[in-house]
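Undergrad: Sending over a structure as structure tokens; questions will come in a sec.
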Amino acid sequence: HLVMPSPLIVDIGANRGFFLSAMETIAPQAKLVAFEPFPRLASLLRQRMQARGVRVEPVGLGAERSQLPLYVPVYRGMPLDTLASMHYEEAAGWLTADRIHWFD
């Protein structure tokens, strides 16, 4: 499905760019656009992907225009930035014994 003359691949919630890296391998001719609302991750991603021509937009996408807080779970002083969410319950839901080995 990725064999097209000039595909456009969009990564919504790009985090650290693992999907983008995979898509570069599968479809090197593709134009890649990433959306990442967490400023720190967006900045790191932009730096990492700049030479490859990947467009990084430091925003989240939604059905309507708004400004929302971004909740980042923190466990033992370490921010789990790739698990950030604009929904508190979703971000907090990661901090359980079912999801974190030896959770305390």
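The way I read the labels, and the way they are meant: chains A, B, ... in the order of the structure tokens, residue 1 as the first residue of every chain, and ligand 1 as the first ligand shown, with later ones counted on from there.
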Report as a PyMOL selection string all protein, DNA and RNA residues lying within 8 Å of Arg46 of chain A, evaluated on only C-alpha atoms, omitting residues in the same chain fewer than 6 positions from it.

TA: chain A and resi 54-56

Undergrad: Which of chain A counts as alpha helix (DSSP H) under DSSP, as a PyMOL selection string please?

TA: chain A and resi 18-26+39-49+88-92

Undergrad: With a distance cut-off of 12 Å and only C-alpha atoms, select the neighbouring residues of segment 69-73 of chain A, excluding the residue or stretch itself and same-chain residues fewer than 5 positions from it, and output the selection as a ChimeraX atom specification.

TA: /A:36-41,59-60,78-96

Undergrad: List the neighbours of Leu8 of chain A out to 7 Å using only C-alpha atoms; skip same-chain residues closer than 4 positions along the sequence, and give me the result as a ChimeraX atom specification.

TA: /A:30-32

Undergrad: Give the strand (DSSP E) residues of chain A, as assigned by DSSP on the backbone, as an MDAnalysis selection string.

TA: chainID A and resid 8:12 31:35 55:57 74:75 78:79

Undergrad: Can you work out which one of A:Ala63, A:Ile100, A:Val33, A:Ile26 has the shortest atom-to-atom distance to Ala14 of chain A, counting only C-alpha atoms?

TA: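 Closest to Ala14 of chain A of all the choices is A:Val33.
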
Undergrad: Please compute the atom CA of Thr25 of chain A-atom CA of Pro58 of chain A distance, one decimal, in Å.

TA: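 Distance reported for this atom pair: 23.7 Å.
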
Undergrad: How many Å lie between atom CA of Glu57 of chain A and atom CA of Glu24 of chain A, rounded to one decimal?

TA: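 Straight-line distance from atom CA of Glu57 of chain A to atom CA of Glu24 of chain A works out to 17.9 Å.
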